[in-house]
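Pasted below: data_20.pdb, PDB, C-alpha atoms, pLDDT in the B column.
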```pdb
ATOM      1  CA  MET A  19     -27.637  17.287  -9.311  1.00 38.00           C
ATOM      2  CA  SER A  20     -24.556  16.751 -11.471  1.00 53.00           C
ATOM      3  CA  ARG A  21     -21.038  17.253 -10.172  1.00 71.00           C
ATOM      4  CA  CYS A  22     -18.694  19.588 -11.971  1.00 90.00           C
ATOM      5  CA  TRP A  23     -14.984  20.060 -11.365  1.00 94.00           C
ATOM      6  CA  ASP A  24     -12.495  22.715 -12.275  1.00 95.00           C
ATOM      7  CA  VAL A  25      -9.757  20.104 -12.590  1.00 96.00           C
ATOM      8  CA  LEU A  26      -9.575  16.300 -12.614  1.00 96.00           C
ATOM      9  CA  GLY A  27      -6.324  14.477 -11.921  1.00 96.00           C
ATOM     10  CA  VAL A  28      -5.857  10.918 -13.162  1.00 95.00           C
ATOM     11  CA  GLY A  29      -2.834   8.959 -12.031  1.00 92.00           C
ATOM     12  CA  VAL A  30      -1.081   6.657  -9.650  1.00 88.00           C
ATOM     13  CA  VAL A  31      -0.685   7.604  -6.002  1.00 90.00           C
ATOM     14  CA  ALA A  32       2.187   6.856  -3.673  1.00 91.00           C
ATOM     15  CA  VAL A  33       2.490   6.624   0.086  1.00 93.00           C
ATOM     16  CA  ASP A  34       5.872   7.711   1.382  1.00 92.00           C
ATOM     17  CA  ASP A  35       7.086   6.586   4.794  1.00 92.00           C
ATOM     18  CA  LEU A  36       9.845   8.988   5.854  1.00 93.00           C
ATOM     19  CA  TYR A  37      12.276   7.967   8.593  1.00 91.00           C
ATOM     20  CA  PHE A  38      14.550  10.491  10.288  1.00 92.00           C
ATOM     21  CA  VAL A  39      17.918   9.816  11.930  1.00 91.00           C
ATOM     22  CA  ASP A  40      20.198  12.121  13.926  1.00 91.00           C
ATOM     23  CA  GLN A  41      23.204  11.381  11.722  1.00 90.00           C
ATOM     24  CA  HIS A  42      24.068   9.473   8.581  1.00 87.00           C
ATOM     25  CA  PRO A  43      24.903   5.887   9.589  1.00 86.00           C
ATOM     26  CA  GLN A  44      28.364   4.498   8.991  1.00 88.00           C
ATOM     27  CA  PRO A  45      28.634   1.571   6.537  1.00 90.00           C
ATOM     28  CA  ASP A  46      27.494  -1.782   7.959  1.00 91.00           C
ATOM     29  CA  THR A  47      25.976  -0.216  11.073  1.00 90.00           C
ATOM     30  CA  LYS A  48      22.463   0.377  12.340  1.00 89.00           C
ATOM     31  CA  GLN A  49      20.989   3.735  13.231  1.00 88.00           C
ATOM     32  CA  ARG A  50      18.130   4.384  15.655  1.00 90.00           C
ATOM     33  CA  ILE A  51      15.165   6.147  14.060  1.00 92.00           C
ATOM     34  CA  ALA A  52      14.610   9.570  15.638  1.00 92.00           C
ATOM     35  CA  GLY A  53      11.230  10.104  14.033  1.00 93.00           C
ATOM     36  CA  LYS A  54       8.946   9.091  11.204  1.00 94.00           C
ATOM     37  CA  ARG A  55       6.192  10.594   9.094  1.00 94.00           C
ATOM     38  CA  ARG A  56       3.814   9.216   6.476  1.00 94.00           C
ATOM     39  CA  GLN A  57       2.691  11.388   3.585  1.00 93.00           C
ATOM     40  CA  GLY A  58       0.945  10.971   0.277  1.00 92.00           C
ATOM     41  CA  GLY A  59       2.578  11.488  -3.061  1.00 90.00           C
ATOM     42  CA  GLY A  60       2.218  10.982  -6.773  1.00 92.00           C
ATOM     43  CA  ASN A  61       2.194  13.801  -9.317  1.00 94.00           C
ATOM     44  CA  ALA A  62      -1.525  13.982 -10.084  1.00 95.00           C
ATOM     45  CA  ALA A  63      -2.696  13.439  -6.499  1.00 95.00           C
ATOM     46  CA  THR A  64      -0.300  16.079  -5.174  1.00 95.00           C
ATOM     47  CA  ALA A  65      -1.433  18.517  -7.868  1.00 96.00           C
ATOM     48  CA  MET A  66      -5.092  17.958  -6.915  1.00 97.00           C
ATOM     49  CA  VAL A  67      -4.310  18.711  -3.256  1.00 96.00           C
ATOM     50  CA  ALA A  68      -2.558  21.922  -4.317  1.00 96.00           C
ATOM     51  CA  ALA A  69      -5.497  22.857  -6.540  1.00 97.00           C
ATOM     52  CA  ALA A  70      -8.003  22.220  -3.733  1.00 97.00           C
ATOM     53  CA  ARG A  71      -5.916  24.331  -1.336  1.00 97.00           C
ATOM     54  CA  LEU A  72      -6.081  27.169  -3.879  1.00 97.00           C
ATOM     55  CA  GLY A  73      -9.876  26.997  -3.856  1.00 96.00           C
ATOM     56  CA  THR A  74     -10.663  25.103  -7.058  1.00 96.00           C
ATOM     57  CA  ILE A  75     -13.059  22.191  -7.244  1.00 96.00           C
ATOM     58  CA  ALA A  76     -10.555  19.369  -7.684  1.00 97.00           C
ATOM     59  CA  ALA A  77     -11.183  15.657  -8.140  1.00 97.00           C
ATOM     60  CA  PHE A  78      -8.906  12.647  -8.419  1.00 96.00           C
ATOM     61  CA  CYS A  79      -9.426   9.441 -10.397  1.00 95.00           C
ATOM     62  CA  ALA A  80      -7.436   6.260  -9.833  1.00 94.00           C
ATOM     63  CA  ILE A  81      -7.887   2.627  -8.983  1.00 92.00           C
ATOM     64  CA  LEU A  82      -7.161   1.905  -5.330  1.00 92.00           C
ATOM     65  CA  GLY A  83      -7.132  -1.340  -3.439  1.00 91.00           C
ATOM     66  CA  ASP A  84      -8.968  -2.294  -0.278  1.00 90.00           C
ATOM     67  CA  ASP A  85      -5.791  -2.303   1.860  1.00 91.00           C
ATOM     68  CA  ASP A  86      -4.697   0.092   4.620  1.00 91.00           C
ATOM     69  CA  LEU A  87      -2.470   2.201   2.351  1.00 92.00           C
ATOM     70  CA  SER A  88      -5.321   2.777  -0.087  1.00 92.00           C
ATOM     71  CA  GLY A  89      -7.577   3.718   2.832  1.00 93.00           C
ATOM     72  CA  TYR A  90      -4.925   6.150   4.071  1.00 94.00           C
ATOM     73  CA  THR A  91      -4.682   7.711   0.601  1.00 95.00           C
ATOM     74  CA  LEU A  92      -8.437   8.137   0.285  1.00 95.00           C
ATOM     75  CA  ALA A  93      -8.772   9.664   3.764  1.00 96.00           C
ATOM     76  CA  GLU A  94      -5.928  12.142   3.174  1.00 96.00           C
ATOM     77  CA  LEU A  95      -7.262  13.298  -0.200  1.00 97.00           C
ATOM     78  CA  GLU A  96     -10.736  13.782   1.267  1.00 97.00           C
ATOM     79  CA  ARG A  97      -9.284  15.636   4.270  1.00 97.00           C
ATOM     80  CA  GLU A  98      -7.604  18.023   1.816  1.00 97.00           C
ATOM     81  CA  GLY A  99     -10.908  18.719   0.053  1.00 97.00           C
ATOM     82  CA  VAL A 100     -10.322  16.640  -3.081  1.00 97.00           C
ATOM     83  CA  ASP A 101     -13.440  14.969  -4.514  1.00 97.00           C
ATOM     84  CA  CYS A 102     -12.650  11.252  -4.510  1.00 96.00           C
ATOM     85  CA  SER A 103     -15.923  10.053  -6.034  1.00 94.00           C
ATOM     86  CA  PRO A 104     -14.193   9.015  -9.318  1.00 95.00           C
ATOM     87  CA  ILE A 105     -11.859   6.649  -7.435  1.00 94.00           C
ATOM     88  CA  VAL A 106     -12.548   2.971  -8.079  1.00 92.00           C
ATOM     89  CA  ARG A 107     -11.848   0.532  -5.217  1.00 91.00           C
ATOM     90  CA  ARG A 108     -10.937  -3.071  -6.025  1.00 89.00           C
ATOM     91  CA  ALA A 109      -9.679  -6.060  -4.079  1.00 86.00           C
ATOM     92  CA  TRP A 110      -5.902  -5.896  -4.260  1.00 67.00           C
ATOM     93  CA  ARG A 111      -3.008  -8.347  -4.118  1.00 59.00           C
ATOM     94  CA  ARG A 112       0.309  -6.885  -2.980  1.00 55.00           C
ATOM     95  CA  GLU A 113       2.358  -8.669  -5.643  1.00 53.00           C
ATOM     96  CA  ALA A 114      -0.109  -8.314  -8.508  1.00 44.00           C
ATOM     97  CA  PRO A 115       1.207  -8.657 -12.068  1.00 44.00           C
ATOM     98  CA  GLY A 116       2.060  -5.254 -13.513  1.00 45.00           C
ATOM     99  CA  SER A 117       2.901  -3.791 -10.109  1.00 45.00           C
ATOM    100  CA  ALA A 118       6.011  -2.032  -8.876  1.00 47.00           C
ATOM    101  CA  ARG A 119       7.488  -2.345  -5.385  1.00 45.00           C
ATOM    102  CA  GLY A 120       9.036   0.672  -3.706  1.00 43.00           C
ATOM    103  CA  SER A 121      12.718   0.600  -2.840  1.00 39.00           C
ATOM    104  CA  GLY A 122      11.997   0.392   0.895  1.00 39.00           C
ATOM    105  CA  GLY A 123      11.685  -3.390   0.765  1.00 39.00           C
ATOM    106  CA  GLY A 124       9.929  -5.576   3.312  1.00 38.00           C
ATOM    107  CA  SER A 125       6.736  -4.193   4.771  1.00 39.00           C
ATOM    108  CA  ALA A 126       7.905  -0.638   4.058  1.00 41.00           C
ATOM    109  CA  GLY A 127       7.723  -1.191   0.274  1.00 40.00           C
ATOM    110  CA  HIS A 128       4.536  -0.031  -1.379  1.00 39.00           C
ATOM    111  CA  VAL A 129       2.797  -1.264  -4.475  1.00 37.00           C
ATOM    112  CA  ALA A 130       1.291   0.885  -7.203  1.00 41.00           C
ATOM    113  CA  SER A 131      -0.256  -0.523 -10.324  1.00 39.00           C
ATOM    114  CA  ALA A 132       1.774   0.311 -13.412  1.00 42.00           C
ATOM    115  CA  HIS A 133      -1.142  -0.414 -15.768  1.00 45.00           C
ATOM    116  CA  PRO A 134      -4.490  -0.230 -13.960  1.00 47.00           C
ATOM    117  CA  PRO A 135      -7.586  -1.324 -15.864  1.00 48.00           C
ATOM    118  CA  PRO A 136      -9.294   1.562 -17.680  1.00 51.00           C
ATOM    119  CA  VAL A 137     -12.217   3.473 -16.175  1.00 51.00           C
ATOM    120  CA  ALA A 138     -15.036   4.228 -18.589  1.00 51.00           C
ATOM    121  CA  ALA A 139     -15.003   7.949 -19.363  1.00 51.00           C
ATOM    122  CA  ALA A 140     -18.803   7.899 -19.626  1.00 51.00           C
ATOM    123  CA  ALA A 141     -18.927   7.096 -15.895  1.00 52.00           C
ATOM    124  CA  LEU A 142     -17.197  10.381 -15.001  1.00 56.00           C
ATOM    125  CA  PRO A 143     -19.103  13.654 -14.425  1.00 55.00           C
ATOM    126  CA  ALA A 144     -18.595  16.595 -16.760  1.00 55.00           C
ATOM    127  CA  MET A 145     -15.817  19.119 -16.226  1.00 56.00           C
ATOM    128  CA  ARG A 146     -16.764  22.747 -15.709  1.00 57.00           C
ATOM    129  CA  SER A 147     -15.932  24.959 -18.700  1.00 52.00           C
TER     130      SER A 147
END
```

For this file, write the structure as structure tokens.
Amino acid sequence: MSRCWDVLGVGVVAVDDLYFVDQHPQPDTKQRIAGKRRQGGGNAATAMVAAARLGTIAAFCAILGDDDLSGYTLAELEREGVDCSPIVRRAWRREAPGSARGSGGGSAGHVASAHPPPVAAAALPAMRS
């Protein structure tokens, strides 16, 4: 049985850690965090979630690592009904060449490959016409 999709998104994903405070901190002060939330992002991944919510057969293709953030991304996309079978998983180094660190810094910064290795198009199932 071959898989067919209505739409295939190819791109880089992001994981956003949002921290909420009761008021904007004054310069050179600390502010207690009132709450936090983690959510996925990235243009193509977000579009595939929206497409799946609208009832299309949506799939996402990217190269993800074997770290916790990549696992979170995969689980969230699958939970939203996005076919993740085109995703390639590879061992990942946080400070790999060609990577970008988020502005959060420290352990809150996230890495996304700026130039992931190509995935052979022949390995992908056909799109539905």

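For the pair atom CA of A:Thr64 and atom CA of A:Asp40, the separation is 28.3 Å.
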
Quick one: everything within 8 Å of A:Gly27, counting all atoms listed in the file, minus sequence neighbours fewer than 4 positions away in the same chain. Send it as a PDB file with C-alpha atoms, in the frame of the given file.
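As a result, part-v6.pdb now contains:
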```
ATOM      1  CA  ALA A  62      -1.525  13.982 -10.084  1.00 95.00           C
ATOM      2  CA  ALA A  63      -2.696  13.439  -6.499  1.00 95.00           C
ATOM      3  CA  ALA A  65      -1.433  18.517  -7.868  1.00 96.00           C
ATOM      4  CA  MET A  66      -5.092  17.958  -6.915  1.00 97.00           C
ATOM      5  CA  ALA A  76     -10.555  19.369  -7.684  1.00 97.00           C
ATOM      6  CA  ALA A  77     -11.183  15.657  -8.140  1.00 97.00           C
ATOM      7  CA  PHE A  78      -8.906  12.647  -8.419  1.00 96.00           C
ATOM      8  CA  CYS A  79      -9.426   9.441 -10.397  1.00 95.00           C
TER       9      CYS A  79
END
```

Next item on the list: Determine the residue membership of the PyMOL selection byres ((chain A and resi 51) around 6) for the file above and supply it as a PyMOL selection string.
Entry: chain A and resi 38-39+50+52-53

Next item on the list: Name the closest residue to A:Leu26 among the candidates A:Val100, A:Ile81, A:Ala93, A:Leu72; distances are taken between atoms, counting only C-alpha atoms.
Entry: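 That would be A:Val100, the residue with the smallest distance to A:Leu26.
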
Output as AutoDock Vina command-line options the centre and edge lengths (Å, one decimal) of the box along x, y and z of the file that holds every listed atom of stretch 31-34 of chain A after adding 8 Å on each side.
```
--center_x 2.6 --center_y 7.2 --center_z -2.3 --size_x 22.6 --size_y 17.1 --size_z 23.4
```

Note to self: With distances taken over all atoms listed in the file, which residue among A:Ile105, A:Pro45, A:Gln57, A:Arg21 lies nearest A:Ala80?
What the structure shows: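 Ranking A:Ile105, A:Pro45, A:Gln57, A:Arg21 by distance to A:Ala80, first place goes to A:Ile105.
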
Next item on the list: Report the distance between atom CA of A:Ala70 and atom CA of A:Asp24 in Å, rounded to one decimal place.
Entry: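 Separation between atom CA of A:Ala70 and atom CA of A:Asp24: 9.7 Å.
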
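The gap separating atom CA of A:Ala109 from atom CA of A:Asp86 is 11.8 Å, in Å to one decimal.
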
All heavy atoms are what I want for stretch 46-57 of chain A; can you complete it accordingly and write them as a tab-separated table (two decimals), in the frame of the given file?
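Now in result.tsv:
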```tsv
chain	number	residue	atom	x	y	z
A	46	ASP	N	27.66	-0.54	7.21
A	46	ASP	CA	27.49	-1.78	7.96
A	46	ASP	C	27.13	-1.56	9.42
A	46	ASP	O	27.50	-2.35	10.29
A	46	ASP	CB	28.76	-2.66	7.85
A	46	ASP	CG	29.08	-3.03	6.42
A	46	ASP	OD1	28.12	-3.34	5.67
A	46	ASP	OD2	30.25	-3.00	6.04
A	47	THR	N	26.45	-0.47	9.71
A	47	THR	CA	25.98	-0.22	11.07
A	47	THR	C	24.48	0.05	11.04
A	47	THR	O	23.89	0.23	9.98
A	47	THR	CB	26.68	1.01	11.71
A	47	THR	OG1	26.31	2.18	10.97
A	47	THR	CG2	28.19	0.85	11.72
A	48	LYS	N	23.88	0.06	12.20
A	48	LYS	CA	22.46	0.38	12.34
A	48	LYS	C	22.33	1.75	12.97
A	48	LYS	O	23.23	2.21	13.67
A	48	LYS	CB	21.76	-0.66	13.22
A	48	LYS	CG	21.75	-2.04	12.60
A	48	LYS	CD	21.04	-3.02	13.49
A	48	LYS	CE	21.05	-4.40	12.85
A	48	LYS	NZ	20.36	-5.38	13.69
A	49	GLN	N	21.23	2.40	12.70
A	49	GLN	CA	20.99	3.74	13.23
A	49	GLN	C	19.58	3.78	13.81
A	49	GLN	O	18.63	3.35	13.15
A	49	GLN	CB	21.12	4.78	12.11
A	49	GLN	CG	20.87	6.20	12.52
A	49	GLN	CD	21.98	6.73	13.40
A	49	GLN	OE1	23.15	6.44	13.19
A	49	GLN	NE2	21.62	7.50	14.41
A	50	ARG	N	19.44	4.26	15.03
A	50	ARG	CA	18.13	4.38	15.66
A	50	ARG	C	17.32	5.47	14.93
A	50	ARG	O	17.84	6.53	14.61
A	50	ARG	CB	18.26	4.74	17.13
A	50	ARG	CG	16.91	4.79	17.85
A	50	ARG	CD	17.07	4.94	19.34
A	50	ARG	NE	17.78	3.84	19.97
A	50	ARG	CZ	17.24	2.65	20.28
A	50	ARG	NH1	15.98	2.43	20.00
A	50	ARG	NH2	17.96	1.73	20.86
A	51	ILE	N	16.05	5.19	14.71
A	51	ILE	CA	15.16	6.15	14.06
A	51	ILE	C	14.75	7.20	15.08
A	51	ILE	O	14.25	6.88	16.16
A	51	ILE	CB	13.92	5.42	13.49
A	51	ILE	CG1	14.35	4.48	12.38
A	51	ILE	CG2	12.89	6.43	13.00
A	51	ILE	CD1	13.23	3.58	11.89
A	52	ALA	N	14.96	8.47	14.74
A	52	ALA	CA	14.61	9.57	15.64
A	52	ALA	C	13.17	10.02	15.45
A	52	ALA	O	12.58	10.62	16.33
A	52	ALA	CB	15.56	10.75	15.41
A	53	GLY	N	12.61	9.73	14.31
A	53	GLY	CA	11.23	10.10	14.03
A	53	GLY	C	10.78	9.55	12.70
A	53	GLY	O	11.59	9.10	11.89
A	54	LYS	N	9.47	9.56	12.49
A	54	LYS	CA	8.95	9.09	11.20
A	54	LYS	C	7.68	9.85	10.88
A	54	LYS	O	7.01	10.40	11.75
A	54	LYS	CB	8.70	7.59	11.22
A	54	LYS	CG	7.65	7.13	12.19
A	54	LYS	CD	7.49	5.62	12.14
A	54	LYS	CE	6.48	5.16	13.17
A	54	LYS	NZ	6.26	3.73	13.10
A	55	ARG	N	7.39	9.91	9.58
A	55	ARG	CA	6.19	10.59	9.09
A	55	ARG	C	5.71	9.90	7.83
A	55	ARG	O	6.52	9.50	6.99
A	55	ARG	CB	6.51	12.07	8.81
A	55	ARG	CG	5.27	12.85	8.35
A	55	ARG	CD	5.55	14.33	8.19
A	55	ARG	NE	6.40	14.52	7.02
A	55	ARG	CZ	7.33	15.46	6.92
A	55	ARG	NH1	7.58	16.26	7.92
A	55	ARG	NH2	8.03	15.58	5.82
A	56	ARG	N	4.42	9.78	7.69
A	56	ARG	CA	3.81	9.22	6.48
A	56	ARG	C	3.16	10.36	5.72
A	56	ARG	O	2.50	11.20	6.31
A	56	ARG	CB	2.78	8.16	6.85
A	56	ARG	CG	2.03	7.61	5.63
A	56	ARG	CD	1.19	6.43	6.00
A	56	ARG	NE	2.07	5.27	5.98
A	56	ARG	CZ	1.70	4.03	6.26
A	56	ARG	NH1	0.47	3.79	6.61
A	56	ARG	NH2	2.57	3.04	6.20
A	57	GLN	N	3.34	10.37	4.41
A	57	GLN	CA	2.69	11.39	3.58
A	57	GLN	C	2.37	10.82	2.22
A	57	GLN	O	3.01	9.88	1.76
A	57	GLN	CB	3.55	12.63	3.45
A	57	GLN	CG	4.86	12.43	2.72
A	57	GLN	CD	5.72	13.69	2.75
A	57	GLN	OE1	5.73	14.43	3.71
A	57	GLN	NE2	6.44	13.90	1.68
```
